[in-house]
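Data from structure_7.cif: mmCIF, C-alpha atoms and all ligand atoms
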data_query
loop_
_atom_site.label_atom_id
_atom_site.label_comp_id
_atom_site.auth_asym_id
_atom_site.auth_seq_id
_atom_site.Cartn_x
_atom_site.Cartn_y
_atom_site.Cartn_z
CA MET A 1 178.70 152.26 91.39
CA THR A 2 175.05 152.61 92.25
CA SER A 3 175.24 154.23 95.68
CA LYS A 4 177.42 157.00 96.99
CA PRO A 5 179.83 155.73 99.65
CA ALA A 6 179.31 157.17 103.12
CA LEU A 7 181.68 159.94 104.19
CA ARG A 8 184.61 158.50 106.11
CA ASN A 9 187.62 159.82 107.95
CA GLY A 10 191.24 159.05 107.19
CA ALA A 11 194.31 159.11 109.42
CA GLY A 12 197.38 160.98 108.19
CA ILE A 13 200.82 160.44 109.70
CA ASP A 14 203.72 162.73 108.85
CA VAL A 15 206.95 161.05 109.92
CA GLY A 16 209.82 163.44 110.57
CA GLY A 17 213.30 162.78 111.91
CA THR A 18 212.44 164.29 115.32
CA PHE A 19 208.63 164.35 115.58
CA THR A 20 205.82 162.40 114.01
CA LYS A 21 202.57 164.30 113.60
CA ALA A 22 199.35 162.37 113.30
CA ALA A 23 195.85 163.58 112.50
CA VAL A 24 192.41 162.26 111.79
CA VAL A 25 191.00 164.11 108.82
CA SER A 26 187.47 164.22 107.42
CA ALA A 27 186.79 163.28 103.81
CA ALA A 28 186.51 167.02 103.17
CA GLY A 29 190.05 167.59 104.46
CA LYS A 30 189.21 169.02 107.89
CA VAL A 31 191.59 168.10 110.73
CA LEU A 32 189.39 166.57 113.46
CA ARG A 33 192.10 165.62 115.91
CA GLU A 34 195.88 165.88 115.90
CA ASP A 35 198.85 165.24 118.09
CA ARG A 36 202.55 164.57 117.81
CA ILE A 37 204.91 162.02 119.30
CA ALA A 38 208.70 161.83 119.31
CA THR A 39 209.86 159.66 116.39
CA ARG A 40 212.88 158.17 118.23
CA PRO A 41 214.49 156.70 115.08
CA SER A 42 217.15 154.87 117.11
CA GLU A 43 214.50 152.54 118.60
CA GLY A 44 213.82 151.15 115.14
CA PRO A 45 210.69 150.79 113.02
CA ARG A 46 208.83 148.07 114.99
CA THR A 47 208.67 150.13 118.17
CA PHE A 48 207.75 153.15 116.09
CA VAL A 49 204.81 151.38 114.44
CA SER A 50 203.58 150.20 117.88
CA ARG A 51 203.66 153.73 119.26
CA VAL A 52 201.85 155.25 116.27
CA ALA A 53 199.24 152.48 116.41
CA ALA A 54 198.79 153.07 120.16
CA LEU A 55 198.11 156.77 119.61
CA LEU A 56 195.60 156.18 116.82
CA SER A 57 193.92 153.33 118.71
CA SER A 58 193.45 155.59 121.73
CA TRP A 59 191.56 158.05 119.51
CA ARG A 60 189.42 155.22 118.21
CA ARG A 61 188.50 154.22 121.75
CA GLU A 62 187.32 157.80 122.23
CA GLY A 63 184.96 157.31 119.29
CA LEU A 64 186.98 158.87 116.47
CA SER A 65 186.92 156.31 113.68
CA PHE A 66 188.90 156.20 110.45
CA SER A 67 188.78 153.74 107.59
CA ALA A 68 192.21 154.22 105.97
CA ALA A 69 195.57 155.70 106.87
CA GLY A 70 198.42 157.37 104.99
CA LEU A 71 202.11 157.67 105.88
CA ALA A 72 204.13 160.64 104.64
CA ILE A 73 207.91 160.32 104.90
CA ALA A 74 210.79 162.44 103.64
CA GLY A 75 213.04 160.21 101.61
CA ASP A 76 213.11 157.66 98.82
CA VAL A 77 209.81 155.81 99.25
CA ASP A 78 208.73 152.74 97.32
CA ALA A 79 204.99 153.45 97.32
CA GLU A 80 204.21 150.18 95.51
CA LYS A 81 205.85 148.00 98.16
CA GLY A 82 205.22 150.32 101.09
CA VAL A 83 208.90 150.37 101.96
CA LEU A 84 211.29 153.21 102.71
CA ARG A 85 214.28 152.68 100.41
CA PHE A 86 216.37 155.39 101.98
CA SER A 87 215.92 158.25 104.40
CA PRO A 88 218.79 160.24 105.89
CA ASN A 89 216.71 160.80 109.06
CA LEU A 90 215.59 157.20 109.63
CA PRO A 91 218.48 154.88 108.75
CA LYS A 92 217.10 151.89 110.72
CA PHE A 93 213.84 152.06 108.79
CA ASP A 94 215.40 151.30 105.40
CA GLY A 95 213.83 148.23 103.81
CA PHE A 96 211.24 147.74 106.60
CA ARG A 97 207.66 147.03 105.45
CA LEU A 98 206.26 150.01 107.27
CA ARG A 99 202.97 150.20 105.38
CA ASP A 100 201.97 146.55 105.87
CA GLU A 101 203.00 146.52 109.55
CA LEU A 102 200.90 149.59 110.29
CA SER A 103 198.02 148.21 108.22
CA ALA A 104 198.07 144.96 110.25
CA ARG A 105 198.09 146.90 113.54
CA LEU A 106 195.29 149.29 112.62
CA GLU A 107 193.29 146.83 110.49
CA VAL A 108 192.71 149.44 107.78
CA PRO A 109 194.34 149.91 104.36
CA VAL A 110 197.45 152.08 104.54
CA VAL A 111 199.17 154.04 101.76
CA MET A 112 202.69 155.40 101.99
CA ASP A 113 204.45 158.01 99.91
CA ASN A 114 207.06 160.71 100.17
CA ASP A 115 206.03 163.83 102.05
CA ALA A 116 206.26 166.17 99.06
CA ASN A 117 203.90 164.05 96.95
CA LEU A 118 201.40 163.91 99.82
CA ALA A 119 201.66 167.63 100.60
CA VAL A 120 200.93 168.36 96.94
CA TRP A 121 198.01 165.90 97.02
CA GLY A 122 196.68 167.60 100.19
CA ALA A 123 196.85 171.06 98.62
CA TYR A 124 195.38 169.72 95.37
CA ARG A 125 192.39 168.22 97.17
CA THR A 126 191.74 170.99 99.71
CA GLU A 127 192.79 174.17 97.89
CA LEU A 128 191.97 173.25 94.30
CA TYR A 129 189.16 170.86 95.38
CA GLY A 130 190.57 168.13 93.16
CA ARG A 131 189.09 169.90 90.13
CA PRO A 132 191.95 170.53 87.69
CA GLN A 133 193.23 167.49 85.85
CA ASN A 134 196.91 168.42 85.73
CA VAL A 135 198.83 170.13 88.50
CA VAL A 136 202.51 170.71 89.15
CA GLY A 137 203.40 171.29 92.82
CA VAL A 138 206.62 172.42 94.47
CA THR A 139 207.25 172.28 98.24
CA LEU A 140 209.61 174.87 99.66
CA GLY A 141 211.23 174.08 102.99
CA THR A 142 214.83 173.46 103.99
CA GLY A 143 214.86 171.31 100.89
CA VAL A 144 212.74 171.62 97.77
CA GLY A 145 210.45 168.79 96.71
CA GLY A 146 207.62 168.42 94.30
CA GLY A 147 204.72 166.37 93.08
CA LEU A 148 202.70 165.89 89.92
CA VAL A 149 199.00 165.29 89.50
CA LEU A 150 198.32 164.09 85.97
CA ALA A 151 194.86 163.22 84.67
CA GLY A 152 193.56 163.66 88.23
CA ARG A 153 195.93 161.10 89.74
CA LEU A 154 199.17 161.37 91.66
CA TYR A 155 201.89 160.52 89.15
CA ARG A 156 204.85 158.67 90.65
CA GLY A 157 206.87 157.71 87.58
CA SER A 158 208.59 154.34 87.16
CA THR A 159 210.34 154.24 90.53
CA GLY A 160 208.30 156.72 92.57
CA SER A 161 210.84 159.45 91.89
CA ALA A 162 208.70 161.68 89.66
CA GLY A 163 208.37 165.37 90.48
CA GLU A 164 211.79 165.77 92.15
CA ILE A 165 212.05 169.31 90.92
CA GLY A 166 214.38 170.35 93.77
CA HIS A 167 217.33 168.76 92.02
CA ALA A 168 216.46 169.97 88.55
CA ARG A 169 219.24 172.20 87.33
CA VAL A 170 218.52 175.92 87.01
CA GLU A 171 222.06 177.33 86.81
CA ILE A 172 225.46 176.16 85.52
CA PRO A 173 227.69 175.67 87.41
CA GLY A 174 225.69 177.41 90.16
CA GLU A 175 225.45 177.22 93.93
CA LEU A 176 226.27 174.06 95.86
CA CYS A 177 223.25 171.90 96.76
CA HIS A 178 222.90 169.60 99.79
CA CYS A 179 222.86 166.67 97.32
CA GLY A 180 226.47 167.43 96.38
CA ARG A 181 225.78 168.82 92.92
CA ARG A 182 225.79 172.42 91.82
CA GLY A 183 223.04 174.52 90.31
CA CYS A 184 220.00 172.61 91.65
CA LEU A 185 216.80 174.60 92.25
CA GLU A 186 217.03 173.67 95.95
CA ALA A 187 220.37 175.49 96.22
CA TYR A 188 218.44 178.69 95.34
CA ALA A 189 214.89 178.19 96.61
CA GLY A 190 215.46 175.93 99.63
CA SER A 191 215.66 177.91 102.87
CA TYR A 192 219.40 177.23 103.26
CA GLY A 193 220.06 178.55 99.75
CA ILE A 194 218.00 181.69 100.37
CA VAL A 195 219.71 182.41 103.69
CA ARG A 196 223.17 181.72 102.25
CA ARG A 197 222.63 184.28 99.45
CA ALA A 198 221.18 186.77 101.92
CA ARG A 199 224.22 186.55 104.22
CA ARG A 200 226.53 186.98 101.24
CA LEU A 201 224.67 190.07 100.00
CA LEU A 202 224.63 191.55 103.50
CA ALA A 203 228.37 190.99 103.88
CA GLN A 204 229.07 192.60 100.49
CA ALA A 205 226.90 195.66 101.20
CA PRO A 206 227.27 196.70 104.84
CA ARG A 207 224.80 199.57 104.44
CA ALA A 208 222.08 197.58 102.71
CA GLY A 209 219.43 195.42 104.32
CA ARG A 210 218.84 197.74 107.25
CA LEU A 211 215.46 196.15 108.06
CA VAL A 212 216.84 192.63 107.78
CA ARG A 213 219.57 193.50 110.26
CA ALA A 214 217.04 195.12 112.60
CA LEU A 215 214.79 192.06 112.52
CA CYS A 216 217.69 189.65 113.00
CA PRO A 217 220.73 191.34 114.58
CA ASP A 218 222.68 188.06 114.73
CA LEU A 219 222.77 186.90 111.11
CA ARG A 220 223.64 183.36 112.19
CA ASN A 221 219.95 183.09 113.17
CA LEU A 222 218.66 184.44 109.87
CA GLU A 223 215.60 182.65 108.45
CA PRO A 224 213.42 183.19 105.37
CA ALA A 225 210.69 184.56 107.69
CA HIS A 226 212.91 187.56 108.52
CA LEU A 227 213.42 188.19 104.83
CA SER A 228 209.68 187.93 104.16
CA GLU A 229 208.90 190.46 106.86
CA ALA A 230 211.67 192.82 105.70
CA ALA A 231 210.39 192.61 102.12
CA GLN A 232 206.82 193.43 103.21
CA LYS A 233 208.13 196.45 105.09
CA GLY A 234 210.03 197.77 102.09
CA ASP A 235 213.61 196.49 102.46
CA ALA A 236 215.25 196.65 99.01
CA LEU A 237 217.81 193.92 99.69
CA ALA A 238 215.13 191.49 100.91
CA ARG A 239 212.97 192.26 97.87
CA ARG A 240 215.91 191.71 95.54
CA LEU A 241 216.55 188.36 97.20
CA TRP A 242 212.96 187.20 96.75
CA ALA A 243 213.03 188.41 93.13
CA GLU A 244 216.11 186.22 92.53
CA THR A 245 214.49 183.29 94.31
CA GLY A 246 211.36 183.77 92.21
CA PHE A 247 213.46 183.89 89.06
CA TYR A 248 215.10 180.54 89.76
CA LEU A 249 211.77 179.00 90.75
CA ALA A 250 210.31 180.31 87.51
CA VAL A 251 213.16 178.75 85.51
CA GLY A 252 212.53 175.35 87.12
CA LEU A 253 208.74 175.56 86.99
CA SER A 254 208.65 176.82 83.41
CA ASN A 255 210.34 173.61 82.29
CA LEU A 256 207.62 171.61 84.02
CA VAL A 257 204.93 173.80 82.47
CA LEU A 258 206.34 173.08 79.01
CA VAL A 259 206.61 169.35 79.68
CA PHE A 260 203.30 168.75 81.50
CA ASN A 261 201.05 171.62 80.36
CA PRO A 262 199.32 171.88 83.77
CA ASP A 263 196.12 173.73 84.69
CA ALA A 264 197.74 174.98 87.90
CA VAL A 265 201.13 175.37 89.57
CA LEU A 266 201.02 175.08 93.37
CA ILE A 267 203.77 176.56 95.53
CA LEU A 268 203.71 175.10 99.03
CA GLY A 269 205.61 175.61 102.26
CA GLY A 270 206.63 178.31 104.69
CA VAL A 271 208.89 180.11 102.23
CA SER A 272 205.76 180.93 100.23
CA ARG A 273 204.88 183.42 103.01
CA ALA A 274 207.00 185.89 101.06
CA GLY A 275 203.77 186.24 99.05
CA ARG A 276 203.83 188.63 96.11
CA TRP A 277 207.57 189.27 96.49
CA LEU A 278 208.09 185.67 95.46
CA LEU A 279 205.05 185.24 93.22
CA ASP A 280 205.29 188.37 91.05
CA PRO A 281 208.68 187.51 89.49
CA ILE A 282 207.33 184.06 88.58
CA LYS A 283 204.22 185.61 87.01
CA GLU A 284 206.40 188.03 85.03
CA TYR A 285 208.67 185.26 83.83
CA PHE A 286 205.69 183.15 82.74
CA LYS A 287 204.11 186.13 80.98
CA ALA A 288 207.31 186.82 79.05
CA GLN A 289 207.51 183.30 77.60
CA PRO A 290 207.07 183.20 73.84
CA PHE A 291 204.96 180.00 73.90
CA LYS A 292 201.80 181.68 75.23
CA THR A 293 199.25 178.87 75.43
CA PRO A 294 200.67 176.68 78.24
CA PHE A 295 201.79 179.67 80.35
CA GLY A 296 198.42 181.34 79.90
CA ARG A 297 196.73 178.21 81.25
CA ALA A 298 199.00 177.45 84.25
CA LYS A 299 197.38 179.27 87.20
CA LEU A 300 199.89 180.07 89.95
CA LYS A 301 198.74 179.52 93.53
CA LEU A 302 200.52 179.87 96.86
CA ALA A 303 199.45 177.32 99.48
CA ASP A 304 200.74 177.62 103.01
CA ASN A 305 198.98 174.95 105.04
CA PRO A 306 201.43 173.39 107.49
CA ASN A 307 199.10 170.36 107.74
CA ALA A 308 199.17 169.64 104.00
CA GLY A 309 201.35 166.51 104.37
CA ARG A 310 199.09 164.85 106.96
CA VAL A 311 195.90 165.95 105.24
CA GLY A 312 197.22 164.70 101.90
CA ALA A 313 198.23 161.37 103.44
CA ALA A 314 194.77 160.88 104.93
CA LEU A 315 192.95 161.92 101.76
CA LEU A 316 195.13 159.83 99.44
CA ALA A 317 194.51 156.88 101.74
CA LEU A 318 190.76 157.44 101.43
CA ASP A 319 191.09 158.01 97.68
CA GLN A 320 193.36 155.10 96.83
CA ALA A 321 193.56 152.47 99.53
CA ARG A 322 192.35 149.09 98.48
CA PRO A 323 191.07 146.52 100.98
CA ARG A 324 193.82 144.39 102.51
CA ARG A 325 194.30 140.98 100.95
ZN ZN B 401 220.62 168.93 94.43
#

Please rewrite the model in this file as structure tokens.
Ligand SMILES: [Zn+2]
Amino acid sequence: MTSKPALRNGAGIDVGGTFTKAAVVSAAGKVLREDRIATRPSEGPRTFVSRVAALLSSWRREGLSFSAAGLAIAGDVDAEKGVLRFSPNLPKFDGFRLRDELSARLEVPVVMDNDANLAVWGAYRTELYGRPQNVVGVTLGTGVGGGLVLAGRLYRGSTGSAGEIGHARVEIPGELCHCGRRGCLEAYAGSYGIVRRARRLLAQAPRAGRLVRALCPDLRNLEPAHLSEAAQKGDALARRLWAETGFYLAVGLSNLVLVFNPDAVLILGGVSRAGRWLLDPIKEYFKAQPFKTPFGRAKLKLADNPNAGRVGAALLALDQARPRR
């Protein structure tokens, strides 16, 4: 290349079961405009594509241009074909050529990938500035996902399933996971796993967790945010819970560190708001590993940008999209 390409914007679209959030993002990762629409999965994918295209086109008419777009979807995504193989939230979308339909409507190249991969790409580009070559990322939400950046590129594996750390086994037989198996990392570090263990501990020790109970008197409404706040304020039960969660995360992540020898390990998602109560046990576990070199290199970083999926979708689109044939 002889000349530097002009800075462009990308559109990022995060498709959820209830809401779809769209944004136009600068090449530097800044959100310039964003909005959300109801996904309405029952209306099917064609109507959905029309409504997303209408929203983005209305922004264009206001003068906000973009030269590529990215779709982030929770589920089994075939990034090569631009097709959703399976998503529990969007059953009518299975097999539909979502990427090409949206590309035809918007007349820009579109990339499509699962939301965890794109969230990791977003954090990689905006928080690590795309500098390290090898990064392992884990996304903590209701479920646990992950993504791998190897040699500076998003690594998808042979079927686009790479980086699915949430269902890597960290205990035998272990807690029951939403996937039906036992002992998956998600069953410990996903928000439902954290809350389930918290309720059990609180039931076993009626005098413990005073701050947790004060913050959330009806334990049916308990969320990781309550446990983060209680831990910050000194609650021993909440701190013990985060230490356990950190331990299981460390077990899962340490296997990835040994396999991929990354420069950095990114921990994304709202659960990461527990901060040092989650991070310190992982640091300790890494420090105690006998194989010093890879654990000495892997820098741990918490990233808590709720826009990471959309930003990552837009940036990957700018980074990777090829012109339509
Ligand atoms: Zn599982």

Please write out the residues within 9 Å of ligand ZN 401 (chain B) as a list in words, counting all atoms listed in the file. Gly143, Val144, Gly166, His167, Ala168, Arg169, Leu176, Cys177, His178, Cys179, Gly180, Arg181, Arg182, Gly183, Cys184, Leu185, Glu186 and Ala187 of chain A

Show me, as a PyMOL selection string, the residues that have an atom within 9 Å of Arg239 (chain A) when counting all atoms listed in the file, minus same-chain residues fewer than 6 positions from it. chain A and resi 227-228+230-232+277-278

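You will find CA of Gly152 (chain A) at 10.1 Å from CA of Trp121 (chain A).
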
Residues within 10 Å of Leu128 (chain A), only C-alpha atoms, excluding chain neighbours under 4 positions, as a VMD selection string: chain A and resid 121 to 124 132 135 264 266 301 303

For region 305-320 of chain A: contacts at 9 Å, all atoms listed in the file, fewer than 3 positions along chain excluded, given as a VMD selection string: chain A and resid 8 to 14 21 to 31 67 to 72 109 to 113 115 to 126 154 268 to 270

Using C-alpha atoms, give me region 107-198 of chain A from the structure I just pasted, as a PDB file, in the first residue's frame.
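Below is the file part24.pdb, written as the result:
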ATOM      1  CA  GLU A 107     -24.578  -1.693   0.074  1.00  0.00           C
ATOM      2  CA  VAL A 108     -21.522  -2.111   2.294  1.00  0.00           C
ATOM      3  CA  PRO A 109     -19.516  -5.224   3.230  1.00  0.00           C
ATOM      4  CA  VAL A 110     -20.888  -6.951   6.325  1.00  0.00           C
ATOM      5  CA  VAL A 111     -19.145  -9.359   8.696  1.00  0.00           C
ATOM      6  CA  MET A 112     -20.954 -11.589  11.161  1.00  0.00           C
ATOM      7  CA  ASP A 113     -19.661 -13.455  14.177  1.00  0.00           C
ATOM      8  CA  ASN A 114     -20.732 -14.600  17.599  1.00  0.00           C
ATOM      9  CA  ASP A 115     -21.068 -11.897  20.222  1.00  0.00           C
ATOM     10  CA  ALA A 116     -18.264 -13.176  22.459  1.00  0.00           C
ATOM     11  CA  ASN A 117     -15.710 -13.130  19.633  1.00  0.00           C
ATOM     12  CA  LEU A 118     -16.734  -9.589  18.714  1.00  0.00           C
ATOM     13  CA  ALA A 119     -16.744  -8.351  22.315  1.00  0.00           C
ATOM     14  CA  VAL A 120     -13.213  -9.701  22.704  1.00  0.00           C
ATOM     15  CA  TRP A 121     -12.204  -8.049  19.410  1.00  0.00           C
ATOM     16  CA  GLY A 122     -13.732  -4.749  20.617  1.00  0.00           C
ATOM     17  CA  ALA A 123     -11.828  -4.866  23.905  1.00  0.00           C
ATOM     18  CA  TYR A 124      -8.657  -5.961  22.104  1.00  0.00           C
ATOM     19  CA  ARG A 125      -8.831  -3.008  19.712  1.00  0.00           C
ATOM     20  CA  THR A 126      -9.979  -0.302  22.143  1.00  0.00           C
ATOM     21  CA  GLU A 127      -8.409  -1.321  25.459  1.00  0.00           C
ATOM     22  CA  LEU A 128      -5.220  -2.999  24.267  1.00  0.00           C
ATOM     23  CA  TYR A 129      -5.079  -0.838  21.090  1.00  0.00           C
ATOM     24  CA  GLY A 130      -4.589  -3.936  18.953  1.00  0.00           C
ATOM     25  CA  ARG A 131      -0.952  -4.076  20.074  1.00  0.00           C
ATOM     26  CA  PRO A 132      -0.374  -7.523  21.592  1.00  0.00           C
ATOM     27  CA  GLN A 133      -0.183 -10.379  19.132  1.00  0.00           C
ATOM     28  CA  ASN A 134      -1.876 -13.044  21.231  1.00  0.00           C
ATOM     29  CA  VAL A 135      -4.821 -12.476  23.532  1.00  0.00           C
ATOM     30  CA  VAL A 136      -7.220 -14.788  25.326  1.00  0.00           C
ATOM     31  CA  GLY A 137     -10.580 -13.210  26.231  1.00  0.00           C
ATOM     32  CA  VAL A 138     -13.427 -14.443  28.399  1.00  0.00           C
ATOM     33  CA  THR A 139     -16.878 -12.796  28.533  1.00  0.00           C
ATOM     34  CA  LEU A 140     -18.783 -13.110  31.787  1.00  0.00           C
ATOM     35  CA  GLY A 141     -22.533 -12.656  31.636  1.00  0.00           C
ATOM     36  CA  THR A 142     -25.416 -15.019  32.276  1.00  0.00           C
ATOM     37  CA  GLY A 143     -23.349 -17.400  30.210  1.00  0.00           C
ATOM     38  CA  VAL A 144     -19.593 -17.479  29.741  1.00  0.00           C
ATOM     39  CA  GLY A 145     -18.071 -17.074  26.291  1.00  0.00           C
ATOM     40  CA  GLY A 146     -14.651 -16.380  24.955  1.00  0.00           C
ATOM     41  CA  GLY A 147     -12.518 -15.381  22.034  1.00  0.00           C
ATOM     42  CA  LEU A 148      -8.945 -15.776  20.857  1.00  0.00           C
ATOM     43  CA  VAL A 149      -6.729 -13.315  19.049  1.00  0.00           C
ATOM     44  CA  LEU A 150      -3.724 -15.147  17.629  1.00  0.00           C
ATOM     45  CA  ALA A 151      -0.970 -13.450  15.636  1.00  0.00           C
ATOM     46  CA  GLY A 152      -3.093 -10.280  15.673  1.00  0.00           C
ATOM     47  CA  ARG A 153      -6.129 -11.916  14.073  1.00  0.00           C
ATOM     48  CA  LEU A 154      -9.390 -13.243  15.445  1.00  0.00           C
ATOM     49  CA  TYR A 155      -8.980 -17.020  15.519  1.00  0.00           C
ATOM     50  CA  ARG A 156     -12.181 -18.927  14.786  1.00  0.00           C
ATOM     51  CA  GLY A 157     -10.957 -22.512  14.517  1.00  0.00           C
ATOM     52  CA  SER A 158     -12.235 -24.981  11.908  1.00  0.00           C
ATOM     53  CA  THR A 159     -15.953 -24.417  12.456  1.00  0.00           C
ATOM     54  CA  GLY A 160     -16.011 -20.997  14.140  1.00  0.00           C
ATOM     55  CA  SER A 161     -16.264 -22.634  17.556  1.00  0.00           C
ATOM     56  CA  ALA A 162     -12.836 -21.678  18.899  1.00  0.00           C
ATOM     57  CA  GLY A 163     -12.564 -19.972  22.276  1.00  0.00           C
ATOM     58  CA  GLU A 164     -15.688 -21.540  23.823  1.00  0.00           C
ATOM     59  CA  ILE A 165     -14.093 -21.510  27.232  1.00  0.00           C
ATOM     60  CA  GLY A 166     -17.465 -21.389  29.038  1.00  0.00           C
ATOM     61  CA  HIS A 167     -17.964 -25.105  28.497  1.00  0.00           C
ATOM     62  CA  ALA A 168     -14.409 -26.113  29.292  1.00  0.00           C
ATOM     63  CA  ARG A 169     -14.448 -28.369  32.306  1.00  0.00           C
ATOM     64  CA  VAL A 170     -13.042 -27.011  35.562  1.00  0.00           C
ATOM     65  CA  GLU A 171     -14.494 -29.489  38.077  1.00  0.00           C
ATOM     66  CA  ILE A 172     -15.508 -33.167  38.096  1.00  0.00           C
ATOM     67  CA  PRO A 173     -18.354 -33.932  38.404  1.00  0.00           C
ATOM     68  CA  GLY A 174     -19.166 -30.341  39.418  1.00  0.00           C
ATOM     69  CA  GLU A 175     -22.160 -28.034  39.222  1.00  0.00           C
ATOM     70  CA  LEU A 176     -24.823 -28.389  36.543  1.00  0.00           C
ATOM     71  CA  CYS A 177     -24.373 -26.110  33.511  1.00  0.00           C
ATOM     72  CA  HIS A 178     -27.134 -24.698  31.273  1.00  0.00           C
ATOM     73  CA  CYS A 179     -25.692 -26.870  28.469  1.00  0.00           C
ATOM     74  CA  GLY A 180     -26.721 -29.997  30.381  1.00  0.00           C
ATOM     75  CA  ARG A 181     -23.235 -31.097  31.403  1.00  0.00           C
ATOM     76  CA  ARG A 182     -21.606 -30.784  34.782  1.00  0.00           C
ATOM     77  CA  GLY A 183     -18.459 -28.973  35.816  1.00  0.00           C
ATOM     78  CA  CYS A 184     -18.308 -26.356  33.014  1.00  0.00           C
ATOM     79  CA  LEU A 185     -16.658 -23.016  33.831  1.00  0.00           C
ATOM     80  CA  GLU A 186     -19.994 -21.306  33.083  1.00  0.00           C
ATOM     81  CA  ALA A 187     -21.642 -23.244  35.920  1.00  0.00           C
ATOM     82  CA  TYR A 188     -19.231 -21.412  38.279  1.00  0.00           C
ATOM     83  CA  ALA A 189     -18.455 -18.067  36.632  1.00  0.00           C
ATOM     84  CA  GLY A 190     -21.694 -17.368  34.748  1.00  0.00           C
ATOM     85  CA  SER A 191     -24.045 -15.127  36.731  1.00  0.00           C
ATOM     86  CA  TYR A 192     -26.513 -17.967  37.351  1.00  0.00           C
ATOM     87  CA  GLY A 193     -23.732 -20.152  38.757  1.00  0.00           C
ATOM     88  CA  ILE A 194     -22.480 -17.371  41.034  1.00  0.00           C
ATOM     89  CA  VAL A 195     -25.971 -16.585  42.337  1.00  0.00           C
ATOM     90  CA  ARG A 196     -26.794 -20.274  42.824  1.00  0.00           C
ATOM     91  CA  ARG A 197     -23.695 -20.796  45.011  1.00  0.00           C
ATOM     92  CA  ALA A 198     -24.417 -17.585  46.913  1.00  0.00           C
TER      93      ALA A 198
END
